[in-house]
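A.B. asks: What follows is a single structure, and I will ask about it in a moment.
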Amino acid sequence: MRYGTTIMDDIGNEHPRRNLRLAERGALEERLESEPKEKAAQIKGELKSLPRKEHDYEKKFAKVRAEEKAFLAKASERKTTFEGSLADSDPTIRKWKLEAMESRARAEFYAPHADLSYDFELLAEQHRMIAEQLPAIADTRRETLDALDAAKADLEAAKKEDHSQANADFRRLRKERLKQRGEEKAALRKLYKSGQISSKAYVNEKHQKDLAAAEDIRSMKQSLKINMLADRVRYLKHRLKQDKKQGIAVLNSDISDLRRKTPIEVTKRCPWISYLTFPLPGLGQLLLGQTFKSIFFFIGSLYIYLIAIPYALGRGNYRGQGLFGLVSLAEGASRLDRSVIFMIEGVIAIILLLIAFLIYYNSFRDVNRNEKKMISGIRLNNWFETKTAAKHKGFPYFASSPSALVTLFIVLLPIAVTVLISFTNYDPTHQSKFNWIGLANYKQIILGQGIAGGPFWLITGWTLIWTLFATSLAIFVGFVLALLVNQDRVYGKRFFRTIYLLPWAVPAFITIMFFSIMFSPNGPLTALLQQLTGQVINIKESPWGTRIVLILLQGWLGSSYVFLLCTGILQSIPKDLYEAANIDGATGFQQTRHITIPILLFQTAPLMIGQYTFNFNNFSIIYLFNGGGPFEPSKYGNLAGSSDLLISYIYKLTIQKQFQGIGAAITMIVSLVLIFFTWIGFSRSKSFREEKL
Amino acid sequence: MKVQLVNIGKKYEGRENFTIRHIDLDIDDKDFCVILGPSGCGKSTLLRMIAGLTSITEGDLLFGGKRMNSVEPKDRDIAMVFQSYALYPHMTVYENMAFSLKMRKERKSVIHDRVLEAAELLQIKEYLYSKPSEISGGQRQRVALGRAMVRKAGVFLMDEPLSNLDAKLREHMRIELVRLHKSLDTTSIYVTHDQTEAMTMATKIVLLDKGKIQQVGPPTLFYEKPANLFVAGFIGSPTMNIFQGEIKDGLFHSTEEDFVVEPKAEDLALLKPFEGKKVAMGIRSERFIAGLADKNTVHVKVDVIEMLGKEQLLYCKFPNGKECVISEPGYFEYAVDEEHNFHFDVDGLHFFDAETTERIN
Amino acid sequence: MSKNKEKGLYLSDRPPLTPVKAVLLTISYILLFFYVFIIVWPLAQIVFSSFNGNQGEYIHVGGAYQFSLKHFKYLFQETYFLNWVINTIVIAVATALLTLLFVSFTGYAYSRYRFKGRKASLMAIMLIQTIPAFVGIAAYYTMHSIISAVIPGFTRQMFLILIYAGGGIAGNTFILKGYIDSISSELDDAARIDGCGNLQVYRLIIMPIVRPMLAIIALWSFIGPFLDYLMPSILLSDPKQYTLATGLYTLITDVRNMHQPVFAAGGLLTAIPIIILFIALQKQLVSGLASGAVKG
């Protein structure tokens with residue numbers, strides 16, 4: 001980067017350079033670019049011969065710096081002289097006044113040198129502001145303090161007075177007000193009883209009367225002398241605090257505005273600090289003078305070097321070896337060291353490293369950007385500005401970081417582990433130690449090979465049949481019930497609605513388990529079936545028997561929810577639609593067909609799709625009803641039963657039969673398909689398209 | 001309180017250009033200043049900068065001589081009424097009005113007194129303990145005003161406060177707002193896109209377009225001496241008639257050469273430098289005089305008549321299809337498709353430089 | 001004014017009933033009552049069998065009936081039923097509170113602030129909420145042993161709470177964000193002028209307004225642990241730590257504990273409060289489900 005003859009401030013205004021040495025260099029460099037090549041050598045020569053330290057400007061500048069040093073050294077001397085002239089009893093006011101005096105002295109010192117450097121100009125202006133504003137803030141404080149003292153004295157004096165009369169007056173007034181409220185309420189009751197206002201209005205009005213009376217009484221109580229004085233003391237104390245905070249904030253923000261408008265000149269022209277310091281977040285900020293900010297990044301450094309990196313290298317692990325554990329998977333380690341632990345710790349190490357990388361990146365970017373800003377002439381934020389910016393821009397990050405962490409570790413970590421497990425031979429013979437086997441699990445599943453992969457396609461087939469029939473049945477039943485109940489002429493709507501809600505309201509696991517009992521070999525429903533047909537039908541022993549009962553049962557369970565949804569929508573269909581249809585001569589049946597059903601279908605469609613995915617994953621009903629059975633070893637092998645869905649099969653493989661590798665692979669396939677379908681449904685939904693994200 | 005804007009500009013983060021820039025404006029104490037402009041002109045941005053809801057990118061904002069750029073909204077001594085009223089739906093009217101004072105830890109007796117005082121003035125005492133959802137739109141509007149009033153702020157900001165009311169109520173509230181402004185003794189800044197509101201309420205109008213101030217001044221100035229073609233077209237209903245043309249030998253020739261106008265002497269002097277250049281001439285509908293004159297006459301055919309009672313608007317067409325609006329007293333008899341002669345009132349002519357669109361006379 | 005009057009007027013407004021319509025109406029009633037029977041019969045059996053003292057370990061329908069509370073007695077004295085109830089309630093309450101805490105912050109931040117990474121993380125949230133909860137089952141058990149090694153007091157139940165709450169963050173953030181989006185941001189501005197800071201705007205203004213939605217989110221987070229069998233069955237191994245779903249299941253599968261009428265009694269006690277909750281809050285619950293439609 002070249003120097004150039006001008007610099008830019010934060011707002012984008014150009015300023016001439018005040019460092020004459022740099023300005024000369026800048027001018028020459030500009031010529032080098034603009035003028036023909038023949039002159040390049042000559043200009044380069046001039047550039048080389050330009051004085052550095054010996055430059056007149058540098059000499060002058062060094063002189064002022066020396067004077068400044070001497071001036072600042074006398075600060076404590078000045079302080080003692082100033083202190084003598086201060087008489088205020090309040091330490092804060094004394095501090096401010098002292099600061100103001102010192103600032104006045106500094107402003108006077110820097111002002112003559114403002115032309116020499118923007119730094120001096122800034123210092124002069126900044127101290128002028130402090131000298132101007134602090135005394136005013138101090139004066140306001142003095143006034144408030146005086147008022148506070150007076151108020152406190154008044155309060156003390158009032159406390160000694162006799163308040164019995166005032167208290168009695170208050171009690172009398174309160175009694176009167178309460179009586180008045182009673183009368184008002186009585187009048188209201190009369191209105192209500194005579195039917196002139198509705199019960200809702202009555203309750204509402206009554207409540208308002210209560211509020212009004214309470215507010216009036218509160219203000220009566222407040223206007224008692226002693227309460228008023230106490231309130232005044234409280235208020236003034238608050239004012240005192242508020243004024244201080246506000247006054248200093250205004251001063252600080254005025255200074256920060258000044259910093260935005262006053263450029264800075266630096267001699268360096270390459271953001272080397274950011275490149276050199278990136279391994280230690282915080283150092284760069286410190287070198288650039290942003291001390292407080294650097295503390296935060298140093299905490300980040302501590303995290304990186306004390307937690308993330310050691311963990312990734314295997315230190316402080318529960319049993320694993322950090323990142324290396326992902327490669328070794330505990331091979332050759334002791335019996336207790338299970339591969340899966342090594343895998344999980346490996347993933348944790350990756351997450352910790354990712355966070356570390358995020359800190360590195362942000363720190364580097366922060367320093368780099370700030371250095372570039374400085375080179376172009378923009379002053380960096382001081383602590384006050386950083387704090388304000390963090391308060392406004394940092395809030396969403398602070399607010400969502402706990403959630404992000406929890407999601408990272410509780411949701412994403414297990415998902416990542418499952419993905420990894422699907423590429424291993426984690427099965428009953430490799431429970432403690434397993435190895436990477438690439439895509440072998442997926443191959444087994446797709447080709448339907450092996451004990452675990454064998455029944456995959458059979459189960460998939462039944463899962464699809466189940467999803468389609470069980471959900472459609474529930475939707476159909478719920479739909480029809482909603483249409484029937486919501487006919488104009490049907491009485492007892494509330495009764496039907498309450499009853500039809502029950503299958504949804506009773507926890508599903510209870511009903512499922514109860515039906516399971518009733519269909520057991522000596523259960524009541526089995527007995528009933530025997531009576532009806534004359535044969536012994538053992539539902540739980542018959543694959544298709546179990547399947548059909550499951551579908552019917554889900555129809556029973558799921559119809560409630562569909563019924564409720566449809567009822568809600570039916571009630572919200574505007575009546576004038578039907579009236580218009582009536583006038584057009586549509587019969588009741590036609591109205592249902594052409595108005596009601598299309599509206600219902602249209603509005604419930606996304607929710608109904610949700611029902612299909614719900615049933616696709618409906619673990620409880622399958623597992624709790626018959627444990628996925630009955631078993632048909634000839635078709636399904638030993639691991640699955642004939643009513644198992646993919647989800648319950650995954651559960652059995654992973655939790656019971658210890659075929660975690662294959663289980664994970666099936667999980668992956670199922671999840672990807674599900675994500676794909678929900679995503680399609682989702683991206684078509686209105687909320688997604690209208691969301692401007 | 002006097003409000004000064006010195007070279008104010010706003011550039012939103014992530015945008016290339018300034019939304020609004022180089023705004024210089026002095027609003028005197030107790031002024032009723034209306035910031036007027038079409039939607040998207042930056043008027044709301046300007047108001048939000050004054051309120052402190054949007055940061056100021058460059059320039060200085062001064063309240064009574066004090067710089068306010070980075071003072072928090074709550075400490076700026078302002079009160080604001082929003083377009084949607086922004087009443088807190090979960091609080092009663094009383095609590096809504098008391099909220100800001102409560103946040104300031106104001107004395108309870110003071111809060112009570114001020115709320116009652118405002119309620120009295122705005123005639124909403126009956127609804128003090130109702131929720132905003134239980135009262136009508138007009139009442140909500142009053143509550144919003146009351147909430148702003150109790151702060152006893154030096155500057156009263158209003159962001160299109162009447163746009164959610166029906167026409168009748170709006171007319172009524174316009175008068176009330178002016179009355180309120182007078183009784184409050186504050187500086188009011190009012191943002192709207194409705195020129196009627198601006199013309200009727202303001203002591204000072206600021207017309208904004210494309211992030212720039214087009215004209216500042218009292219309402220009459222806008223009507224009588226619009227500073228440029230935009231102002232001329234924006235202010236006044238019906239819109240001012242604008243004819244494009246050229247100055248030749250001290251006469252205005254319309255582009256189609258269908259009429260020639262001889263401006264009055266003072267205008268002529270100012271038009272001298274534009275000899276041979278393109279110029280736009282504007283005339284308000286009421287400055288046409290019916291009948292033939294020896295010069296400055298146009299011959300048009302009446303296309304549509306809008307009868308307003310005391311006056312009627314004639315939408316006329318020139319033989320070449322060019323349109324103009326003429327208003328004449330209601331008792332004159334005109335019929336559609338009739339052809340008539342009108343001549344220009346030379347005192348009511350406005351001339352604009354066609355290139356810069358700035359006013360000439 | 002009164003309701004009766006309105007109804008009377010409405011009745012007389014209807015066209016007269018034709019014979020065809022009368023037949024259709026009768027069929028409707030028959031169907032409706034038939035379905036009432038289908039719903040009520042099994043549920044009634046739960047109630048009857050829980051009070052029928054004339055049963056041993058198996059449920060008998062029909063036959064002799066003798067009212068008795070012995071199954072309830074057994075439930076409280078011989079099983080860990082009370083433990084299960086307490087466990088479930090603790091887990092449910094903690095899940096609801098934790099979810100509210102997480103989601104209030106994220107929902108507000110995503111709705112009201114434009115920050116870097118917002119778009120990307122919103123997309124991530126949408127993707128995450130489509131991933132089914134069972135994906136992680138292979139890792140949970142081992143994860144718990146790792147965490148409890150680092151934090152000694154970290155029980156399996158706590159982990160369960162974290163899984164429930166953490167799993168709900170994504171979807172619920174989205175729901176709450178949508179709801180807060182519908183509140184005019186002028187309210188925030190007004191509050192800021194009135195003197196509120198970031199958190200005060202949420203606490204004093206936004207939160208009271210979104211309370212209905214927060215209630216729905218809390219309610220669903222609360223009910224979730226009552227209904228779930230999968231997660232506790234994976235994580236919890238000690239019958240004392242079980243939740244209701246896993247606990248009651250032991251009464252019908254485990255040969256040693258097998259006691260079907262006691263299960264009916266426990267089921268009845270569990271179901272009643274939840275039924276009351278569902279009937280009382282059906283509107284809110286349905287609307288909550290509808291707004292979280294994408295969750296399925």
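Chains: A, B, ... in order of the structure tokens. Residues: from 1 per chain. Ligands: from 1, in order shown.
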For Gly40 of chain B, please output as number ranges by chain all residues within 9 Å (counting only C-alpha atoms; exclusion window: fewer than 2 positions along the same chain).
C.D. replies: B: 37-38, 42-44, 209-211
A.B. asks: Quick one: residues within 12 Å of Tyr442 of chain A, only C-alpha atoms, excluding same-chain residues fewer than 2 positions away - as an MDAnalysis selection string?
C.D. replies: chainID A and resid 419 421:425 437:440 444:450 452:454 456 661:670
A.B. asks: Selected residues, C-alpha atoms, written as a JSON list (two decimals), in the first residue's frame, please.
C.D. replies:
[["chain", "number", "residue", "atom", "x", "y", "z"],
["A", 419, "VAL", "CA", -22.94, -40.78, 10.87],
["A", 421, "ILE", "CA", -20.79, -45.30, 13.35],
["A", 422, "SER", "CA", -22.55, -46.12, 10.11],
["A", 423, "PHE", "CA", -19.11, -46.57, 8.54],
["A", 424, "THR", "CA", -17.90, -49.08, 11.15],
["A", 425, "ASN", "CA", -18.43, -52.75, 11.94],
["A", 437, "ILE", "CA", -15.25, -50.54, 7.15],
["A", 438, "GLY", "CA", -16.26, -47.88, 4.68],
["A", 439, "LEU", "CA", -19.58, -48.33, 2.93],
["A", 440, "ALA", "CA", -19.97, -52.06, 3.70],
["A", 444, "GLN", "CA", -25.46, -54.90, 3.05],
["A", 445, "ILE", "CA", -28.63, -52.92, 3.52],
["A", 446, "ILE", "CA", -29.16, -52.08, -0.10],
["A", 447, "LEU", "CA", -28.49, -55.63, -1.25],
["A", 448, "GLY", "CA", -30.45, -57.07, 1.68],
["A", 449, "GLN", "CA", -27.56, -59.23, 2.83],
["A", 450, "GLY", "CA", -26.50, -60.50, 6.23],
["A", 452, "ALA", "CA", -29.06, -57.39, 10.04],
["A", 453, "GLY", "CA", -29.41, -56.14, 6.48],
["A", 454, "GLY", "CA", -31.53, -59.04, 5.29],
["A", 456, "PHE", "CA", -34.41, -54.27, 5.35],
["A", 661, "GLY", "CA", -23.21, -50.12, 12.72],
["A", 662, "ILE", "CA", -26.04, -51.33, 10.52],
["A", 663, "GLY", "CA", -28.56, -49.52, 12.71],
["A", 664, "ALA", "CA", -26.72, -46.25, 12.15],
["A", 665, "ALA", "CA", -26.58, -46.85, 8.42],
["A", 666, "ILE", "CA", -30.33, -47.43, 8.27],
["A", 667, "THR", "CA", -30.81, -44.33, 10.42],
["A", 668, "MET", "CA", -28.81, -42.31, 7.92],
["A", 669, "ILE", "CA", -30.81, -43.53, 4.95],
["A", 670, "VAL", "CA", -34.13, -42.94, 6.70]]
A.B. asks: Taking only C-alpha atoms into account, which residues of chain B are within 7 Å of chain C, as a ChimeraX atom specification?
C.D. replies: /B:53,73-74,82,86-88,90,100,103
A.B. asks: Please dump the current selection as a PDB file, in the first residue's frame; keep N, CA, C and O atoms.
C.D. replies:
ATOM      1  N   LEU B  53     -33.681   6.587  17.373  1.00  0.00           N
ATOM      2  CA  LEU B  53     -33.945   5.173  17.118  1.00  0.00           C
ATOM      3  C   LEU B  53     -33.029   4.647  16.020  1.00  0.00           C
ATOM      4  O   LEU B  53     -32.821   3.460  15.882  1.00  0.00           O
ATOM      5  N   PRO B  73     -32.260   7.562  23.255  1.00  0.00           N
ATOM      6  CA  PRO B  73     -33.578   8.144  23.002  1.00  0.00           C
ATOM      7  C   PRO B  73     -34.271   8.614  24.281  1.00  0.00           C
ATOM      8  O   PRO B  73     -34.870   9.680  24.310  1.00  0.00           O
ATOM      9  N   LYS B  74     -34.145   7.801  25.332  1.00  0.00           N
ATOM     10  CA  LYS B  74     -34.894   8.140  26.543  1.00  0.00           C
ATOM     11  C   LYS B  74     -34.373   9.402  27.205  1.00  0.00           C
ATOM     12  O   LYS B  74     -35.077  10.033  27.971  1.00  0.00           O
ATOM     13  N   PHE B  82     -46.603   7.186  17.329  1.00  0.00           N
ATOM     14  CA  PHE B  82     -46.311   6.333  16.185  1.00  0.00           C
ATOM     15  C   PHE B  82     -47.530   6.151  15.289  1.00  0.00           C
ATOM     16  O   PHE B  82     -48.663   6.341  15.717  1.00  0.00           O
ATOM     17  N   ALA B  86     -48.660   2.151  18.632  1.00  0.00           N
ATOM     18  CA  ALA B  86     -47.729   1.391  19.476  1.00  0.00           C
ATOM     19  C   ALA B  86     -48.109   1.422  20.944  1.00  0.00           C
ATOM     20  O   ALA B  86     -47.265   1.623  21.804  1.00  0.00           O
ATOM     21  N   LEU B  87     -49.391   1.258  21.226  1.00  0.00           N
ATOM     22  CA  LEU B  87     -49.796   1.149  22.634  1.00  0.00           C
ATOM     23  C   LEU B  87     -49.472  -0.261  23.096  1.00  0.00           C
ATOM     24  O   LEU B  87     -49.624  -1.218  22.353  1.00  0.00           O
ATOM     25  N   TYR B  88     -49.024  -0.383  24.344  1.00  0.00           N
ATOM     26  CA  TYR B  88     -48.707  -1.707  24.860  1.00  0.00           C
ATOM     27  C   TYR B  88     -50.006  -2.442  25.146  1.00  0.00           C
ATOM     28  O   TYR B  88     -50.774  -2.022  26.014  1.00  0.00           O
ATOM     29  N   HIS B  90     -50.858  -5.113  26.614  1.00  0.00           N
ATOM     30  CA  HIS B  90     -51.116  -5.814  27.869  1.00  0.00           C
ATOM     31  C   HIS B  90     -51.278  -4.864  29.043  1.00  0.00           C
ATOM     32  O   HIS B  90     -51.464  -5.307  30.157  1.00  0.00           O
ATOM     33  N   SER B 100     -43.600   5.488  30.833  1.00  0.00           N
ATOM     34  CA  SER B 100     -42.302   6.158  30.662  1.00  0.00           C
ATOM     35  C   SER B 100     -41.873   6.829  31.965  1.00  0.00           C
ATOM     36  O   SER B 100     -40.695   6.823  32.313  1.00  0.00           O
ATOM     37  N   MET B 103     -40.587   4.203  34.263  1.00  0.00           N
ATOM     38  CA  MET B 103     -39.244   3.772  33.901  1.00  0.00           C
ATOM     39  C   MET B 103     -38.216   4.778  34.390  1.00  0.00           C
ATOM     40  O   MET B 103     -37.075   4.448  34.647  1.00  0.00           O
TER      41      MET B 103
END
A.B. asks: With a distance cut-off of 10 Å and only C-alpha atoms, select the neighbouring residues of His299 of chain B, excluding the residue or stretch itself and same-chain residues fewer than 2 positions from it, and output the selection as a short mmCIF file (atom, residue, chain, number, x, y, z; two decimals) with N, CA, C and O atoms, in the first residue's frame.
C.D. replies:
data_model
loop_
_atom_site.label_atom_id
_atom_site.label_comp_id
_atom_site.auth_asym_id
_atom_site.auth_seq_id
_atom_site.Cartn_x
_atom_site.Cartn_y
_atom_site.Cartn_z
N ASP B 258 -48.52 25.54 -30.03
CA ASP B 258 -49.94 25.79 -30.14
C ASP B 258 -50.38 27.02 -29.35
O ASP B 258 -51.51 27.44 -29.45
N PHE B 259 -49.51 27.53 -28.49
CA PHE B 259 -49.84 28.83 -27.91
C PHE B 259 -48.57 29.58 -27.52
O PHE B 259 -47.50 28.99 -27.38
N GLY B 291 -62.74 33.16 -21.21
CA GLY B 291 -62.98 34.15 -22.27
C GLY B 291 -61.74 34.44 -23.08
O GLY B 291 -60.62 34.08 -22.73
N LEU B 292 -61.96 35.09 -24.16
CA LEU B 292 -60.92 35.42 -25.12
C LEU B 292 -60.22 36.70 -24.68
O LEU B 292 -60.86 37.60 -24.14
N THR B 297 -53.98 33.46 -24.93
CA THR B 297 -55.23 32.71 -24.92
C THR B 297 -55.01 31.29 -25.45
O THR B 297 -54.17 31.05 -26.31
N LYS B 301 -60.96 21.95 -25.55
CA LYS B 301 -62.25 21.26 -25.55
C LYS B 301 -62.44 20.63 -24.17
O LYS B 301 -61.52 20.00 -23.63
N CYS B 316 -59.57 19.57 -19.55
CA CYS B 316 -59.69 19.97 -20.94
C CYS B 316 -58.58 19.38 -21.80
O CYS B 316 -57.52 18.98 -21.29
N LYS B 317 -58.84 19.36 -23.09
CA LYS B 317 -57.84 18.85 -24.04
C LYS B 317 -57.55 19.88 -25.08
O LYS B 317 -58.46 20.54 -25.60
N PHE B 318 -56.28 20.04 -25.40
CA PHE B 318 -55.89 20.89 -26.52
C PHE B 318 -56.14 20.11 -27.80
O PHE B 318 -56.27 18.88 -27.77
N PRO B 319 -56.21 20.80 -28.91
CA PRO B 319 -56.43 20.09 -30.18
C PRO B 319 -55.42 18.97 -30.40
O PRO B 319 -55.74 17.94 -30.97
N GLU B 339 -66.27 23.60 -26.74
CA GLU B 339 -64.95 24.19 -26.92
C GLU B 339 -64.99 25.61 -26.37
O GLU B 339 -65.97 26.33 -26.55
N HIS B 340 -63.93 25.99 -25.66
CA HIS B 340 -63.91 27.30 -25.02
C HIS B 340 -62.56 27.94 -25.13
O HIS B 340 -61.55 27.28 -25.35
N ASN B 341 -62.56 29.26 -24.91
CA ASN B 341 -61.31 30.00 -24.86
C ASN B 341 -61.03 30.40 -23.42
O ASN B 341 -61.93 30.77 -22.67
N PHE B 342 -59.76 30.24 -23.00
CA PHE B 342 -59.33 30.73 -21.68
C PHE B 342 -58.04 31.49 -21.88
O PHE B 342 -57.27 31.21 -22.79
N HIS B 343 -57.79 32.46 -21.03
CA HIS B 343 -56.46 33.06 -21.09
C HIS B 343 -55.78 33.01 -19.73
O HIS B 343 -56.43 32.89 -18.70
#
A.B. asks: Chain A residues within 6 Å of chain C, counting only C-alpha atoms: which ones, as a list in words?
C.D. replies: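 Residues satisfying the distance criterion: Pro396, Ala399, Ser400, Ser403, Val406, Thr407, Pro414, Ile415, Ala505, Val506, Pro507, Ile510, Pro524, Leu607, Gly610, Gln611, Phe614, Ile675 and Leu693 of chain A.
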A.B. asks: Would you mind telling me which residue in B:Ile242, B:Cys33, B:Val71, B:Ala51 lies nearest to chain A when using only C-alpha atoms?
C.D. replies: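 Between B:Ile242, B:Cys33, B:Val71, B:Ala51, the residue approaching chain A most closely is B:Val71.
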A.B. asks: Dump as a tab-separated table the rows for residues of chain B within 7 Å of chain A: closest atom pair and distance in Å with one decimal, only C-alpha atoms counted, ordered by chain and rising residue number.
C.D. replies:
residue	atom	partner	partner_atom	distance
B:Glu58	CA	A:Ile11	CA	6.7
B:Ser70	CA	A:Ser253	CA	5.6
B:Val71	CA	A:Val250	CA	5.9
B:Lys105	CA	A:Tyr235	CA	6.4
B:Glu106	CA	A:Tyr235	CA	6.2
B:Arg107	CA	A:Asp231	CA	5.9
B:Lys108	CA	A:Gln222	CA	6.9
B:Ser109	CA	A:Ser219	CA	5.9
B:His112	CA	A:Ser219	CA	6.6
B:Tyr129	CA	A:Gln208	CA	5.3
B:Ser130	CA	A:Gln208	CA	6.8
A.B. asks: Name the residues of segment 133-208 of chain B that fall into strand (DSSP E or B) according to DSSP on the backbone, using the chain letters and numbers of this document, as a short mmCIF file (atom, residue, chain, number, x, y, z; two decimals) with C-alpha atoms, in the first residue's frame.
C.D. replies:
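Result file out29.cif:
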data_model
loop_
_atom_site.label_atom_id
_atom_site.label_comp_id
_atom_site.auth_asym_id
_atom_site.auth_seq_id
_atom_site.Cartn_x
_atom_site.Cartn_y
_atom_site.Cartn_z
CA VAL B 155 -39.80 18.03 21.33
CA PHE B 156 -42.92 16.25 20.19
CA LEU B 157 -42.40 13.81 17.31
CA MET B 158 -45.25 12.38 15.28
CA ASP B 159 -44.92 9.75 12.58
CA THR B 187 -41.67 22.10 19.33
CA SER B 188 -43.52 19.58 17.18
CA ILE B 189 -42.10 17.64 14.29
CA TYR B 190 -44.66 15.85 12.23
CA VAL B 191 -44.04 13.43 9.40
CA THR B 192 -46.63 12.82 6.72
CA LYS B 204 -43.15 25.33 8.62
CA ILE B 205 -43.04 22.66 5.94
CA VAL B 206 -40.01 20.70 4.88
CA LEU B 207 -40.52 18.93 1.59
CA LEU B 208 -38.21 15.97 1.08
#
A.B. asks: Between atom CA of Asn257 of chain C and atom CA of Leu160 of chain C, what is the distance in Å, rounded to a tenth?
C.D. replies: 25.3 Å
A.B. asks: May I ask for the distance between atom CA of Leu645 of chain A and atom CA of Thr463 of chain A, given in Å to one decimal place?
C.D. replies: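 Separation of atom CA of Leu645 of chain A and atom CA of Thr463 of chain A: 5.0 Å.
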